[in-house]
Amino acid sequence: MSEKQGADGPPDGLWAACALAACAGVLVWMLGWLTVGVSELDERCAHGLEGPGGDFRMERSSFPPGERCVFADGTTVSSGDVLGWVLWACVVVAAACALLAAVREFAGLRQPRSVVRFAVIALVSCVVLAALCAFVPLAVAPPGREPLSVCSAFTTGIYERAYEVRRSVFPVQATCLYPGGARHDLVPVWWSRLAWAALGALLLALFGLAGAVRRHGGRPRVPEPDTS
């Protein structure tokens, strides 16, 4: 007789939906960067092709990717808005599925398989957290590089020579420091929020793993098939 699914069954479908939504979000995020990169919105605003014309300032965001021309009269012209809404929808779906799946996992602690399942979740969360924390030293601000090359005006928008790049492992950040007192964070705020979310997932998984091990021991008993 096959194992009963439903309320006591593993939430594999929810985890699959979470993974699909997360992958879709990454693809939409990359497409958003491509759309913003080819839009040339700043040039179009400067030449009067977008907006009322006149003085304006550019505002850019990395999550969701987008850029906006904000004119002196308050008129705003932006690009990537539709993809931004799609990206947020993917984030909400992935978060909701992950939360529901975690609740189902804790509800299934009485099942022997919970030891293995929580161990896998803890391992995945640990890998994600390590990858997020390694992003700063390896990609954004590699150790050994001069502050001038790390904190270029093209990246920061500050036309001053930085004298130091201050790094923090958690929350993940690399900050350019300037003689005039200016500071610029190289890592967007949302990246640190991802790291906090990964840490929270890891702690929850370890908590569930501890409960499962306490209930079933280090090696969960494999139920014998029903031959009746």
# chains A, B, ... in the order shown; residues from 1 in each chain; ligands from 1
$ residues_around --residues "Leu34 (chain A)" --least-positions-apart "3" --cutoff "12 Å" --atoms "only C-alpha atoms" --output "list in words"
Leu27, Val28, Trp29, Met30, Leu31, Gly37, Val38, Ser39, Glu40, Ser62, Pro65, Gly66, Ser79, Gly80 and Leu83 of chain A
$ write_last_selection --atoms "N, CA and C atoms" --output "PDB file, in the first residue's frame"
ATOM      1  N   LEU A  27      15.312  35.070 -13.913  1.00  0.00           N
ATOM      2  CA  LEU A  27      15.258  35.350 -15.353  1.00  0.00           C
ATOM      3  C   LEU A  27      14.646  36.718 -15.625  1.00  0.00           C
ATOM      4  N   VAL A  28      13.573  37.049 -14.894  1.00  0.00           N
ATOM      5  CA  VAL A  28      12.945  38.367 -15.085  1.00  0.00           C
ATOM      6  C   VAL A  28      13.895  39.471 -14.650  1.00  0.00           C
ATOM      7  N   TRP A  29      14.632  39.239 -13.560  1.00  0.00           N
ATOM      8  CA  TRP A  29      15.605  40.227 -13.086  1.00  0.00           C
ATOM      9  C   TRP A  29      16.684  40.469 -14.138  1.00  0.00           C
ATOM     10  N   MET A  30      17.204  39.404 -14.746  1.00  0.00           N
ATOM     11  CA  MET A  30      18.219  39.547 -15.800  1.00  0.00           C
ATOM     12  C   MET A  30      17.633  40.254 -17.018  1.00  0.00           C
ATOM     13  N   LEU A  31      16.394  39.910 -17.373  1.00  0.00           N
ATOM     14  CA  LEU A  31      15.738  40.575 -18.504  1.00  0.00           C
ATOM     15  C   LEU A  31      15.520  42.051 -18.204  1.00  0.00           C
ATOM     16  N   GLY A  37      19.406  48.432 -19.765  1.00  0.00           N
ATOM     17  CA  GLY A  37      20.677  48.727 -20.427  1.00  0.00           C
ATOM     18  C   GLY A  37      20.515  49.229 -21.852  1.00  0.00           C
ATOM     19  N   VAL A  38      19.497  48.735 -22.557  1.00  0.00           N
ATOM     20  CA  VAL A  38      19.328  49.125 -23.962  1.00  0.00           C
ATOM     21  C   VAL A  38      18.318  50.258 -24.129  1.00  0.00           C
ATOM     22  N   SER A  39      17.683  50.696 -23.035  1.00  0.00           N
ATOM     23  CA  SER A  39      16.634  51.699 -23.180  1.00  0.00           C
ATOM     24  C   SER A  39      17.181  53.089 -23.505  1.00  0.00           C
ATOM     25  N   GLU A  40      18.407  53.414 -23.020  1.00  0.00           N
ATOM     26  CA  GLU A  40      18.997  54.742 -23.221  1.00  0.00           C
ATOM     27  C   GLU A  40      18.034  55.843 -22.793  1.00  0.00           C
ATOM     28  N   SER A  62      18.444  48.714  -8.484  1.00  0.00           N
ATOM     29  CA  SER A  62      18.931  47.406  -8.937  1.00  0.00           C
ATOM     30  C   SER A  62      17.936  46.289  -8.676  1.00  0.00           C
ATOM     31  N   PRO A  65      15.314  46.046 -11.358  1.00  0.00           N
ATOM     32  CA  PRO A  65      16.112  46.924 -12.220  1.00  0.00           C
ATOM     33  C   PRO A  65      15.234  47.988 -12.863  1.00  0.00           C
ATOM     34  N   GLY A  66      15.685  49.208 -12.791  1.00  0.00           N
ATOM     35  CA  GLY A  66      14.911  50.288 -13.384  1.00  0.00           C
ATOM     36  C   GLY A  66      15.657  51.606 -13.307  1.00  0.00           C
ATOM     37  N   SER A  79      11.541  53.300 -16.946  1.00  0.00           N
ATOM     38  CA  SER A  79      11.601  52.116 -17.803  1.00  0.00           C
ATOM     39  C   SER A  79      11.679  50.885 -16.923  1.00  0.00           C
ATOM     40  N   GLY A  80      11.187  49.770 -17.442  1.00  0.00           N
ATOM     41  CA  GLY A  80      11.249  48.511 -16.712  1.00  0.00           C
ATOM     42  C   GLY A  80      10.181  48.331 -15.662  1.00  0.00           C
ATOM     43  N   LEU A  83       8.228  44.793 -15.945  1.00  0.00           N
ATOM     44  CA  LEU A  83       9.059  43.690 -15.482  1.00  0.00           C
ATOM     45  C   LEU A  83       9.270  43.757 -13.970  1.00  0.00           C
TER      46      LEU A  83
END
$ closest_atom_pairs --of "region 61-139 of chain A" --to "region 198-206 of chain A" --cutoff "10 Å" --atoms "only C-alpha atoms" --output "JSON lines"
{"residue": "A:Ala98", "atom": "CA", "partner": "A:Ala201", "partner_atom": "CA", "distance": 9.6}
{"residue": "A:Leu99", "atom": "CA", "partner": "A:Ala201", "partner_atom": "CA", "distance": 9.8}
{"residue": "A:Ala102", "atom": "CA", "partner": "A:Ala205", "partner_atom": "CA", "distance": 8.6}
{"residue": "A:Glu105", "atom": "CA", "partner": "A:Ala205", "partner_atom": "CA", "distance": 9.6}
{"residue": "A:Phe106", "atom": "CA", "partner": "A:Ala205", "partner_atom": "CA", "distance": 9.5}
{"residue": "A:Arg117", "atom": "CA", "partner": "A:Ala205", "partner_atom": "CA", "distance": 9.2}
{"residue": "A:Phe118", "atom": "CA", "partner": "A:Ala205", "partner_atom": "CA", "distance": 5.6}
{"residue": "A:Ala119", "atom": "CA", "partner": "A:Ala205", "partner_atom": "CA", "distance": 7.3}
{"residue": "A:Val120", "atom": "CA", "partner": "A:Ala205", "partner_atom": "CA", "distance": 8.7}
{"residue": "A:Ile121", "atom": "CA", "partner": "A:Ala205", "partner_atom": "CA", "distance": 6.0}
{"residue": "A:Ala122", "atom": "CA", "partner": "A:Ala205", "partner_atom": "CA", "distance": 4.9}
{"residue": "A:Leu123", "atom": "CA", "partner": "A:Leu202", "partner_atom": "CA", "distance": 8.0}
{"residue": "A:Val124", "atom": "CA", "partner": "A:Leu202", "partner_atom": "CA", "distance": 8.3}
{"residue": "A:Ser125", "atom": "CA", "partner": "A:Leu202", "partner_atom": "CA", "distance": 5.1}
{"residue": "A:Cys126", "atom": "CA", "partner": "A:Leu202", "partner_atom": "CA", "distance": 6.2}
{"residue": "A:Val127", "atom": "CA", "partner": "A:Ala198", "partner_atom": "CA", "distance": 9.2}
{"residue": "A:Val128", "atom": "CA", "partner": "A:Ala198", "partner_atom": "CA", "distance": 6.6}
{"residue": "A:Leu129", "atom": "CA", "partner": "A:Ala198", "partner_atom": "CA", "distance": 5.4}
{"residue": "A:Ala130", "atom": "CA", "partner": "A:Ala198", "partner_atom": "CA", "distance": 9.2}
{"residue": "A:Leu132", "atom": "CA", "partner": "A:Ala198", "partner_atom": "CA", "distance": 8.7}
$ atom_distance --atom1 "CA of Gly25 (chain A)" --atom2 "CA of Val187 (chain A)"
19.3 Å
$ residues_around --residues "Ala96 (chain A)" --least-positions-apart "3" --cutoff "12 Å" --atoms "only C-alpha atoms" --output "NGL selection string"
:A and (14-15 or 17-19 or 21-22 or 89-93 or 99-103)
$ select_by_dssp --residues "region 134-196 of chain A" --states "strand (DSSP E)" --output "count of residues only"
13
$ closest_residue --among "A:Tyr178, A:Gly32, A:Gly48, A:Pro11" --to "Trp85 (chain A)" --atoms "only C-alpha atoms"
A:Gly32
$ closest_residue --among "A:Val26, A:Val77, A:Val136, A:Ala153" --to "Phe56 (chain A)" --atoms "only C-alpha atoms"
A:Val77
$ atom_distance --atom1 "CA of Thr156 (chain A)" --atom2 "CA of Cys133 (chain A)"
21.1 Å
$ residues_around --residues "region 144-149 of chain A" --least-positions-apart "2" --cutoff "12 Å" --atoms "only C-alpha atoms" --output "NGL selection string"
:A and (137-142 or 151-156 or 158-167 or 174-178 or 184 or 186)
$ residues_around --residues "Asp42 (chain A)" --least-positions-apart "5" --cutoff "10 Å" --atoms "only C-alpha atoms" --output "VMD selection string"
chain A and resid 47 to 50 56 to 59 67 to 69 77 to 78
$ write_last_selection --atoms "C-alpha atoms" --output "PDB file, in the first residue's frame"
ATOM      1  CA  HIS A  47      17.081  65.234 -25.993  1.00  0.00           C
ATOM      2  CA  GLY A  48      13.441  65.854 -25.113  1.00  0.00           C
ATOM      3  CA  LEU A  49      12.196  62.569 -26.583  1.00  0.00           C
ATOM      4  CA  GLU A  50      10.748  61.587 -23.207  1.00  0.00           C
ATOM      5  CA  PHE A  56      16.097  66.358 -14.734  1.00  0.00           C
ATOM      6  CA  ARG A  57      17.899  63.903 -12.514  1.00  0.00           C
ATOM      7  CA  MET A  58      18.375  60.182 -13.004  1.00  0.00           C
ATOM      8  CA  GLU A  59      17.325  57.658 -10.367  1.00  0.00           C
ATOM      9  CA  GLU A  67      15.793  53.885 -14.084  1.00  0.00           C
ATOM     10  CA  ARG A  68      13.758  57.050 -13.905  1.00  0.00           C
ATOM     11  CA  CYS A  69      14.050  60.579 -15.252  1.00  0.00           C
ATOM     12  CA  VAL A  77       9.498  58.887 -16.856  1.00  0.00           C
ATOM     13  CA  SER A  78      10.654  55.353 -16.093  1.00  0.00           C
TER      14      SER A  78
END
$ residues_around --residues "Gly108 (chain A)" --least-positions-apart "3" --cutoff "12 Å" --atoms "only C-alpha atoms" --output "list in words"
Gln5, Gly6, Ala7, Asp8, Gly9, Pro10, Pro11, Ala101, Ala102, Val103, Arg104, Glu105, Gln111, Pro112, Arg113, Ser114, Val115, Val116, Arg117, Phe118, Gly208, Leu209, Gly211, Ala212 and Arg215 of chain A
$ write_last_selection --atoms "N, CA, C and O atoms" --output "JSON list (two decimals), in the first residue's frame"
[["chain", "number", "residue", "atom", "x", "y", "z"],
["A", 5, "GLN", "N", -0.68, 10.38, 1.01],
["A", 5, "GLN", "CA", -0.31, 11.75, 0.70],
["A", 5, "GLN", "C", -1.38, 12.67, 1.24],
["A", 5, "GLN", "O", -2.39, 12.25, 1.79],
["A", 6, "GLY", "N", -1.20, 13.96, 1.06],
["A", 6, "GLY", "CA", -2.17, 14.93, 1.53],
["A", 6, "GLY", "C", -1.61, 15.69, 2.69],
["A", 6, "GLY", "O", -0.52, 16.22, 2.64],
["A", 7, "ALA", "N", -2.37, 15.75, 3.78],
["A", 7, "ALA", "CA", -1.94, 16.55, 4.92],
["A", 7, "ALA", "C", -0.64, 16.02, 5.51],
["A", 7, "ALA", "O", 0.17, 16.77, 6.03],
["A", 8, "ASP", "N", -0.44, 14.65, 5.47],
["A", 8, "ASP", "CA", 0.77, 14.07, 6.04],
["A", 8, "ASP", "C", 1.86, 13.86, 5.01],
["A", 8, "ASP", "O", 2.95, 13.40, 5.34],
["A", 9, "GLY", "N", 1.57, 14.11, 3.74],
["A", 9, "GLY", "CA", 2.55, 13.87, 2.70],
["A", 9, "GLY", "C", 3.58, 14.98, 2.63],
["A", 9, "GLY", "O", 3.39, 16.08, 3.14],
["A", 10, "PRO", "N", 4.72, 14.71, 1.99],
["A", 10, "PRO", "CA", 5.77, 15.71, 1.87],
["A", 10, "PRO", "C", 5.33, 16.85, 0.95],
["A", 10, "PRO", "O", 4.68, 16.62, -0.06],
["A", 11, "PRO", "N", 5.70, 18.08, 1.28],
["A", 11, "PRO", "CA", 5.28, 19.23, 0.46],
["A", 11, "PRO", "C", 6.18, 19.43, -0.75],
["A", 11, "PRO", "O", 6.67, 20.53, -0.99],
["A", 101, "ALA", "N", 5.49, 25.50, 2.62],
["A", 101, "ALA", "CA", 6.23, 24.24, 2.63],
["A", 101, "ALA", "C", 6.93, 24.02, 3.96],
["A", 101, "ALA", "O", 6.96, 22.90, 4.48],
["A", 102, "ALA", "N", 7.47, 25.10, 4.56],
["A", 102, "ALA", "CA", 8.13, 24.98, 5.86],
["A", 102, "ALA", "C", 7.12, 24.58, 6.93],
["A", 102, "ALA", "O", 7.42, 23.75, 7.81],
["A", 103, "VAL", "N", 5.92, 25.17, 6.87],
["A", 103, "VAL", "CA", 4.88, 24.79, 7.84],
["A", 103, "VAL", "C", 4.53, 23.32, 7.70],
["A", 103, "VAL", "O", 4.38, 22.59, 8.69],
["A", 104, "ARG", "N", 4.41, 22.83, 6.46],
["A", 104, "ARG", "CA", 4.12, 21.42, 6.23],
["A", 104, "ARG", "C", 5.24, 20.53, 6.73],
["A", 104, "ARG", "O", 5.00, 19.43, 7.24],
["A", 105, "GLU", "N", 6.48, 20.99, 6.57],
["A", 105, "GLU", "CA", 7.61, 20.20, 7.06],
["A", 105, "GLU", "C", 7.55, 20.05, 8.58],
["A", 105, "GLU", "O", 7.77, 18.96, 9.12],
["A", 111, "GLN", "N", 6.91, 12.12, 11.03],
["A", 111, "GLN", "CA", 7.30, 11.19, 9.99],
["A", 111, "GLN", "C", 8.81, 10.95, 10.03],
["A", 111, "GLN", "O", 9.59, 11.89, 10.22],
["A", 112, "PRO", "N", 9.28, 9.69, 9.88],
["A", 112, "PRO", "CA", 10.72, 9.41, 9.93],
["A", 112, "PRO", "C", 11.53, 10.17, 8.89],
["A", 112, "PRO", "O", 12.69, 10.50, 9.12],
["A", 113, "ARG", "N", 10.91, 10.48, 7.76],
["A", 113, "ARG", "CA", 11.66, 11.16, 6.69],
["A", 113, "ARG", "C", 12.02, 12.59, 7.06],
["A", 113, "ARG", "O", 12.82, 13.23, 6.36],
["A", 114, "SER", "N", 11.44, 13.14, 8.13],
["A", 114, "SER", "CA", 11.67, 14.54, 8.47],
["A", 114, "SER", "C", 13.14, 14.81, 8.79],
["A", 114, "SER", "O", 13.63, 15.91, 8.58],
["A", 115, "VAL", "N", 13.87, 13.82, 9.31],
["A", 115, "VAL", "CA", 15.29, 14.01, 9.61],
["A", 115, "VAL", "C", 16.05, 14.34, 8.33],
["A", 115, "VAL", "O", 16.81, 15.32, 8.27],
["A", 116, "VAL", "N", 15.84, 13.52, 7.31],
["A", 116, "VAL", "CA", 16.56, 13.74, 6.05],
["A", 116, "VAL", "C", 16.12, 15.03, 5.38],
["A", 116, "VAL", "O", 16.94, 15.80, 4.87],
["A", 117, "ARG", "N", 14.83, 15.29, 5.40],
["A", 117, "ARG", "CA", 14.32, 16.47, 4.71],
["A", 117, "ARG", "C", 14.83, 17.75, 5.35],
["A", 117, "ARG", "O", 15.23, 18.69, 4.65],
["A", 118, "PHE", "N", 14.82, 17.83, 6.69],
["A", 118, "PHE", "CA", 15.33, 19.04, 7.34],
["A", 118, "PHE", "C", 16.84, 19.15, 7.17],
["A", 118, "PHE", "O", 17.37, 20.26, 7.11],
["A", 208, "GLY", "N", 14.23, 22.62, 13.11],
["A", 208, "GLY", "CA", 13.43, 21.46, 12.70],
["A", 208, "GLY", "C", 14.24, 20.18, 12.71],
["A", 208, "GLY", "O", 13.74, 19.12, 13.10],
["A", 209, "LEU", "N", 15.51, 20.26, 12.30],
["A", 209, "LEU", "CA", 16.37, 19.08, 12.30],
["A", 209, "LEU", "C", 16.59, 18.58, 13.73],
["A", 209, "LEU", "O", 16.57, 17.36, 13.98],
["A", 211, "GLY", "N", 14.56, 18.95, 16.26],
["A", 211, "GLY", "CA", 13.33, 18.31, 16.69],
["A", 211, "GLY", "C", 13.14, 16.94, 16.07],
["A", 211, "GLY", "O", 12.69, 16.00, 16.75],
["A", 212, "ALA", "N", 13.48, 16.81, 14.79],
["A", 212, "ALA", "CA", 13.32, 15.53, 14.11],
["A", 212, "ALA", "C", 14.29, 14.49, 14.67],
["A", 212, "ALA", "O", 13.93, 13.32, 14.87],
["A", 215, "ARG", "N", 13.18, 13.22, 17.98],
["A", 215, "ARG", "CA", 12.03, 12.32, 17.90],
["A", 215, "ARG", "C", 12.39, 10.97, 17.30],
["A", 215, "ARG", "O", 11.88, 9.93, 17.74]]
